[in-house]
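Asks: Quick one: this structure, given as structure tokens, is what I'll be asking you about.
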Amino acid sequence: MQRSTNRILTTHTGSLPRPPSLVELYVRKGRGEPVDVELAEAGHRAMLDVVRRQQEAGIDIGNNGEQQREAFFLYVRNRMSGFGGAWDRPPRGDVDRYPVFKAALAKEQAGMVWVSAREALPTVVGDIAYRDRAEIETECADFRATLDAMGNPFVEPFLTAPSPGIVAAAMRNDYYPDQASYLAALGKALQVEYEAIVAKGFLLQLDCPDLAMERHYTWHERPLNEFLDFVDSVVKTINAALVNIPRDKVRLHVCWGNYEGPHDCDVELQEIMPVLRALKVGGFVLPFANPRHAHEYRVLKQFPLDQDQIIVAGVIDSVTNFVEHPETVAERIERVVEVVGDPSRVQAGTDCGFDTSAGMRRVASDVVWAKLAALSAGARIASKRVF
């Protein structure tokens, strides 16, 4: 995992805006229309564009923007056996508490063209297995060829993959005798993808909103210790799936859901951090820009990371159209550096992705790129102060 001894490196959390035409193709594919050829071509074009835009924005550690996937975790239904059926995820605990907000949110979403991460989700109805490596191999090869053609614009390229926990939580178990068996099967299947990404020379980012967000989804009416038991089981599953991967090749993203809402049912970072510390990864990607969790960078002092681990500090909000001032970005970076004590172990990033499910974004695409440019400008300011 890259470190720098003279400046703060910039990155982001994975998903970047997809063009409306690509979103429409994913929606049509979800309806069963035969659009695979058209979708492959459109996804490739979109990937080329976001790599170029990241370079222009000054991103040091970039990716393919997840353009060739319909959502950060839903795509696995096409790469694995065992999924079928359908169900709707229960509402979020914090949104349920505010009926006026809930109604406004439903009205807003009614006119959206998007791939839902909550409605008509598949369930597991058979044995989970990674069918073949063709799709992940193609995705990796396409990204690598693009990087080579552009002169390798990133200090380090990364690709994302989901936690077995978010798949288990979102894609209901209708087959395995218990959750432990389902998680184990998912971990074994996802291990194929994790290892393929690293074998191709990319940094692996694990997307694990389940380790925080599921508290106010699945467990919001149950005791905290039951949720922490779930977190512990996912952590152990992830560690088993990473057994063949050096931990400095993996960073892990945890968040409370990429949506604008009350978030006053969110679990505190200090409550889950003791369990997260057991993860065998080289770094964490945590949100410190949004109003509910901006203060929690201090938890890194209470539960310091290992000396060989880095922190990607979320210093750009991913759900509002404010373009952060570079000085604000710099101040946020400096606060994290002060707590960590070593600027070479701090990178600057975003709170979450900007289009975690195709069409889901709340931030306009042109604003996204302005935010990433502000991220880079703020990192340059902070670098002069902390190194």
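Residue numbers start at 1 in each chain; chains themselves are named A, B, ... in the order of the structure tokens; ligands are numbered from 1 in the order shown.
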Which polymer residues have any atom within 10 Å of an atom of Ile272 of chain A, counting only C-alpha atoms, with same-chain residues fewer than 4 positions away left out, as a ChimeraX atom specification?
Replies: /A:211-212,224,227-228,231-232,267-268,276-277
Asks: Would you save the residues from that selection as a CSV table (one decimal), in the first residue's frame, using N, CA and C atoms?
Replies:
chain,number,residue,atom,x,y,z
A,211,LEU,N,-20.9,-3.3,8.4
A,211,LEU,CA,-20.2,-3.3,9.7
A,211,LEU,C,-20.6,-2.1,10.5
A,212,ALA,N,-21.3,-1.2,10.0
A,212,ALA,CA,-21.9,0.0,10.7
A,212,ALA,C,-23.3,0.1,10.4
A,224,LEU,N,-27.6,-4.0,21.2
A,224,LEU,CA,-26.3,-3.7,20.5
A,224,LEU,C,-25.4,-4.9,20.5
A,227,PHE,N,-25.9,-7.0,17.4
A,227,PHE,CA,-25.3,-6.5,16.2
A,227,PHE,C,-23.8,-6.7,16.2
A,228,LEU,N,-23.2,-6.5,17.4
A,228,LEU,CA,-21.7,-6.6,17.5
A,228,LEU,C,-21.3,-8.1,17.2
A,231,VAL,N,-21.2,-8.3,13.5
A,231,VAL,CA,-20.0,-7.7,13.0
A,231,VAL,C,-18.8,-8.6,13.2
A,232,ASP,N,-18.7,-9.2,14.4
A,232,ASP,CA,-17.6,-10.2,14.7
A,232,ASP,C,-17.6,-11.3,13.7
A,267,VAL,N,-24.9,3.6,14.8
A,267,VAL,CA,-24.0,3.1,15.9
A,267,VAL,C,-22.8,4.0,16.0
A,268,GLU,N,-22.2,4.2,17.1
A,268,GLU,CA,-21.0,5.0,17.3
A,268,GLU,C,-19.8,4.2,16.8
A,276,LEU,N,-13.6,-4.1,14.8
A,276,LEU,CA,-13.0,-3.8,13.5
A,276,LEU,C,-11.4,-4.0,13.5
A,277,ARG,N,-10.9,-3.7,14.7
A,277,ARG,CA,-9.4,-3.7,14.8
A,277,ARG,C,-8.8,-5.1,14.6
Asks: Apply DSSP to the backbone of this structure and, from segment 134-304 of chain A, keep only the residues in strand (DSSP E); write these as a list of chain:residue names.
Replies: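 Written out, the strand (DSSP E) residues of segment 134-304 of chain A are A:Phe158, A:Leu159, A:Thr160, A:Ala161, A:Pro162, A:Leu203, A:Leu204, A:Gln205, A:Leu206, A:Asp207, A:Val250, A:Arg251, A:Leu252, A:His253, A:Gly283, A:Phe284, A:Val285, A:Leu286, A:Pro287.
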Asks: Put those residues in a file: N, CA and C atoms, as a PDB file, in the first residue's frame.
Replies:
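Once written, out.pdb looks like this:
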ATOM      1  N   PHE A 158      -6.748   0.888  -7.692  1.00  0.00           N
ATOM      2  CA  PHE A 158      -7.473  -0.057  -6.836  1.00  0.00           C
ATOM      3  C   PHE A 158      -8.762  -0.493  -7.505  1.00  0.00           C
ATOM      4  N   LEU A 159      -9.273  -1.637  -7.052  1.00  0.00           N
ATOM      5  CA  LEU A 159     -10.593  -2.116  -7.439  1.00  0.00           C
ATOM      6  C   LEU A 159     -11.338  -2.525  -6.181  1.00  0.00           C
ATOM      7  N   THR A 160     -12.644  -2.425  -6.226  1.00  0.00           N
ATOM      8  CA  THR A 160     -13.461  -2.722  -5.055  1.00  0.00           C
ATOM      9  C   THR A 160     -14.111  -4.100  -5.165  1.00  0.00           C
ATOM     10  N   ALA A 161     -14.526  -4.609  -4.025  1.00  0.00           N
ATOM     11  CA  ALA A 161     -15.328  -5.831  -3.943  1.00  0.00           C
ATOM     12  C   ALA A 161     -16.114  -5.765  -2.643  1.00  0.00           C
ATOM     13  N   PRO A 162     -17.292  -6.359  -2.593  1.00  0.00           N
ATOM     14  CA  PRO A 162     -18.129  -6.222  -1.400  1.00  0.00           C
ATOM     15  C   PRO A 162     -17.772  -7.187  -0.279  1.00  0.00           C
ATOM     16  N   LEU A 203      -4.662  -2.766  -5.800  1.00  0.00           N
ATOM     17  CA  LEU A 203      -5.034  -2.705  -4.395  1.00  0.00           C
ATOM     18  C   LEU A 203      -6.504  -3.111  -4.290  1.00  0.00           C
ATOM     19  N   LEU A 204      -6.828  -3.932  -3.307  1.00  0.00           N
ATOM     20  CA  LEU A 204      -8.200  -4.377  -3.089  1.00  0.00           C
ATOM     21  C   LEU A 204      -8.851  -3.504  -2.022  1.00  0.00           C
ATOM     22  N   GLN A 205      -9.994  -2.916  -2.349  1.00  0.00           N
ATOM     23  CA  GLN A 205     -10.800  -2.238  -1.334  1.00  0.00           C
ATOM     24  C   GLN A 205     -12.048  -3.052  -1.065  1.00  0.00           C
ATOM     25  N   LEU A 206     -12.240  -3.442   0.173  1.00  0.00           N
ATOM     26  CA  LEU A 206     -13.451  -4.149   0.576  1.00  0.00           C
ATOM     27  C   LEU A 206     -14.486  -3.132   1.035  1.00  0.00           C
ATOM     28  N   ASP A 207     -15.676  -3.182   0.435  1.00  0.00           N
ATOM     29  CA  ASP A 207     -16.760  -2.285   0.803  1.00  0.00           C
ATOM     30  C   ASP A 207     -17.654  -2.968   1.830  1.00  0.00           C
ATOM     31  N   VAL A 250      -4.693  -4.638   1.022  1.00  0.00           N
ATOM     32  CA  VAL A 250      -6.132  -4.506   1.255  1.00  0.00           C
ATOM     33  C   VAL A 250      -6.428  -3.295   2.132  1.00  0.00           C
ATOM     34  N   ARG A 251      -7.383  -2.486   1.699  1.00  0.00           N
ATOM     35  CA  ARG A 251      -7.954  -1.464   2.577  1.00  0.00           C
ATOM     36  C   ARG A 251      -9.453  -1.729   2.667  1.00  0.00           C
ATOM     37  N   LEU A 252     -10.074  -1.267   3.742  1.00  0.00           N
ATOM     38  CA  LEU A 252     -11.454  -1.647   4.017  1.00  0.00           C
ATOM     39  C   LEU A 252     -12.284  -0.417   4.347  1.00  0.00           C
ATOM     40  N   HIS A 253     -13.408  -0.287   3.650  1.00  0.00           N
ATOM     41  CA  HIS A 253     -14.303   0.863   3.836  1.00  0.00           C
ATOM     42  C   HIS A 253     -15.488   0.484   4.709  1.00  0.00           C
ATOM     43  N   GLY A 283      -5.370  -1.018   5.979  1.00  0.00           N
ATOM     44  CA  GLY A 283      -5.872   0.317   6.238  1.00  0.00           C
ATOM     45  C   GLY A 283      -7.384   0.371   6.242  1.00  0.00           C
ATOM     46  N   PHE A 284      -7.902   1.485   6.752  1.00  0.00           N
ATOM     47  CA  PHE A 284      -9.341   1.704   6.840  1.00  0.00           C
ATOM     48  C   PHE A 284      -9.723   2.969   6.087  1.00  0.00           C
ATOM     49  N   VAL A 285     -10.891   2.946   5.484  1.00  0.00           N
ATOM     50  CA  VAL A 285     -11.462   4.107   4.797  1.00  0.00           C
ATOM     51  C   VAL A 285     -12.708   4.492   5.581  1.00  0.00           C
ATOM     52  N   LEU A 286     -12.645   5.620   6.290  1.00  0.00           N
ATOM     53  CA  LEU A 286     -13.716   5.998   7.209  1.00  0.00           C
ATOM     54  C   LEU A 286     -14.230   7.400   6.908  1.00  0.00           C
ATOM     55  N   PRO A 287     -15.547   7.639   7.107  1.00  0.00           N
ATOM     56  CA  PRO A 287     -16.134   8.947   6.812  1.00  0.00           C
ATOM     57  C   PRO A 287     -16.005   9.922   7.982  1.00  0.00           C
TER      58      PRO A 287
END
Asks: Find, counting only C-alpha atoms, the residue in A:Ala86, A:Gly111, A:Ala104, A:Ala141 that gets nearest to Thr123 of chain A.
Replies: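 Counting only C-alpha atoms, the residue closest to Thr123 of chain A is A:Ala86.
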Asks: May I ask for the distance between atom CA of Thr328 of chain A and atom CA of Val315 of chain A, given in Å to one decimal place?
Replies: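 Pair atom CA of Thr328 of chain A / atom CA of Val315 of chain A returns 8.6 Å.
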Asks: I'd like the neighbourhood of segment 376-380 of chain A as a ChimeraX atom specification, where a residue qualifies if any of its atoms comes within 7 Å (using only C-alpha atoms), though same-chain residues fewer than 2 positions away should be ignored.
Replies: /A:8,10,57-59,326-327,329-330,348,372-374,382-384
Asks: From the set A:Asp308, A:Glu139, A:Glu331, A:Glu324, which residue has the shortest atom-to-atom contact distance to Ser344 of chain A, counting only C-alpha atoms?
Replies: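 Distance minimum relative to Ser344 of chain A lands on A:Asp308.
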Asks: Going by DSSP on the backbone, which bits of segment 178-213 of chain A are alpha helix (DSSP H)? Write them as a count of residues only, please.
Replies: 25
Asks: From the set A:Gln191, A:Ser357, A:Gln2, A:Gln179, which residue has the shortest atom-to-atom contact distance to Val243 of chain A, counting only C-alpha atoms?
Replies: A:Gln191
Asks: Kindly indicate which residue among A:Val337, A:Met1, A:Ala370, A:Met171 lies nearest to His325 of chain A, using only C-alpha atoms for the distances.
Replies: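 Of all the options, A:Ala370 lies closest to His325 of chain A.
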Asks: Determine, counting only C-alpha atoms, which protein, DNA and RNA residues have an atom within 9 Å of an atom of Gln55 of chain A; residues of the same chain fewer than 5 positions away are not included. Present the result as a PyMOL selection string.
Replies: chain A and resi 50+60+62+153-154
Asks: Output the selection as a CSV table (one decimal), in the first residue's frame - C-alpha atoms for each residue.
Replies:
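Listing of selection.csv after writing:
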chain,number,residue,atom,x,y,z
A,50,VAL,CA,-13.8,8.4,-15.3
A,60,ASP,CA,-3.4,9.8,-6.8
A,62,GLY,CA,-7.9,5.8,-8.5
A,153,PRO,CA,-1.9,8.0,-14.3
A,154,PHE,CA,-2.3,6.7,-10.7
Asks: Just the residues within 12 Å of Val51 of chain A, please, counting only C-alpha atoms, with nothing from its chain fewer than 3 positions along; format it as a PyMOL selection string.
Replies: chain A and resi 14-17+44-48+54-67+142-154+157-158+369
Asks: Generate the output file for the selected residues, C-alpha atoms, as an mmCIF file, in the first residue's frame.
Replies:
data_model
loop_
_atom_site.group_PDB
_atom_site.id
_atom_site.type_symbol
_atom_site.label_atom_id
_atom_site.label_comp_id
_atom_site.auth_asym_id
_atom_site.auth_seq_id
_atom_site.Cartn_x
_atom_site.Cartn_y
_atom_site.Cartn_z
ATOM 1 C CA GLY A 14 -15.003 3.722 -5.421
ATOM 2 C CA SER A 15 -18.185 4.528 -7.286
ATOM 3 C CA LEU A 16 -18.215 7.554 -9.569
ATOM 4 C CA PRO A 17 -21.086 9.045 -11.597
ATOM 5 C CA HIS A 44 -16.023 0.555 -21.333
ATOM 6 C CA ARG A 45 -16.524 4.099 -22.646
ATOM 7 C CA ALA A 46 -17.680 5.292 -19.239
ATOM 8 C CA MET A 47 -14.670 3.687 -17.569
ATOM 9 C CA LEU A 48 -12.286 5.470 -19.941
ATOM 10 C CA GLN A 54 -9.799 11.354 -11.988
ATOM 11 C CA GLN A 55 -6.429 12.197 -13.476
ATOM 12 C CA GLU A 56 -7.601 15.733 -14.279
ATOM 13 C CA ALA A 57 -8.933 16.147 -10.727
ATOM 14 C CA GLY A 58 -5.556 15.162 -9.252
ATOM 15 C CA ILE A 59 -6.522 11.796 -7.762
ATOM 16 C CA ASP A 60 -3.436 9.753 -6.841
ATOM 17 C CA ILE A 61 -5.045 6.405 -6.016
ATOM 18 C CA GLY A 62 -7.876 5.819 -8.456
ATOM 19 C CA ASN A 63 -10.055 3.095 -9.900
ATOM 20 C CA ASN A 64 -12.463 2.281 -12.728
ATOM 21 C CA GLY A 65 -15.342 4.089 -11.039
ATOM 22 C CA GLU A 66 -17.332 0.818 -10.897
ATOM 23 C CA GLN A 67 -18.735 1.758 -14.303
ATOM 24 C CA ASP A 142 -9.844 -3.677 -19.352
ATOM 25 C CA PHE A 143 -8.791 -1.402 -16.490
ATOM 26 C CA ARG A 144 -5.124 -2.402 -16.838
ATOM 27 C CA ALA A 145 -5.130 -1.746 -20.598
ATOM 28 C CA THR A 146 -6.682 1.672 -19.999
ATOM 29 C CA LEU A 147 -4.080 2.574 -17.392
ATOM 30 C CA ASP A 148 -1.249 1.470 -19.676
ATOM 31 C CA ALA A 149 -2.646 3.453 -22.610
ATOM 32 C CA MET A 150 -2.871 6.572 -20.442
ATOM 33 C CA GLY A 151 0.666 6.255 -19.095
ATOM 34 C CA ASN A 152 -0.428 4.829 -15.715
ATOM 35 C CA PRO A 153 -1.930 8.005 -14.254
ATOM 36 C CA PHE A 154 -2.279 6.717 -10.679
ATOM 37 C CA PRO A 157 -4.787 1.740 -8.833
ATOM 38 C CA PHE A 158 -7.473 -0.057 -6.836
ATOM 39 C CA TRP A 369 -15.552 16.390 -10.205
#
Asks: Which neighbours of Glu338 of chain A fall inside 12 Å, counting only C-alpha atoms, when residues of the same chain fewer than 6 positions from it are skipped, and could you give them as a list in words?
Replies: Tyr297, Arg298, Leu300, Lys301, Glu331, Arg332, Ser344, Arg345, Val346, Ala382, Arg385, Val386 and Phe387 of chain A
Asks: Can I get the selected residues back with C-alpha atoms, as a PDB file, in the first residue's frame?
Replies:
ATOM      1  CA  TYR A 297     -11.624  10.935  13.914  1.00  0.00           C
ATOM      2  CA  ARG A 298     -10.759  11.150  17.634  1.00  0.00           C
ATOM      3  CA  LEU A 300      -8.288   6.792  16.160  1.00  0.00           C
ATOM      4  CA  LYS A 301      -6.556   8.071  19.286  1.00  0.00           C
ATOM      5  CA  GLU A 331      -8.174  21.449   8.194  1.00  0.00           C
ATOM      6  CA  ARG A 332      -9.970  18.104   8.203  1.00  0.00           C
ATOM      7  CA  SER A 344       2.691   9.352   5.857  1.00  0.00           C
ATOM      8  CA  ARG A 345      -0.052   7.100   7.259  1.00  0.00           C
ATOM      9  CA  VAL A 346      -2.883   9.488   6.336  1.00  0.00           C
ATOM     10  CA  ALA A 382      -2.306  20.279   4.155  1.00  0.00           C
ATOM     11  CA  ARG A 385       1.732  22.168   6.788  1.00  0.00           C
ATOM     12  CA  VAL A 386       2.146  18.584   7.997  1.00  0.00           C
ATOM     13  CA  PHE A 387       5.335  17.449   6.229  1.00  0.00           C
TER      14      PHE A 387
END
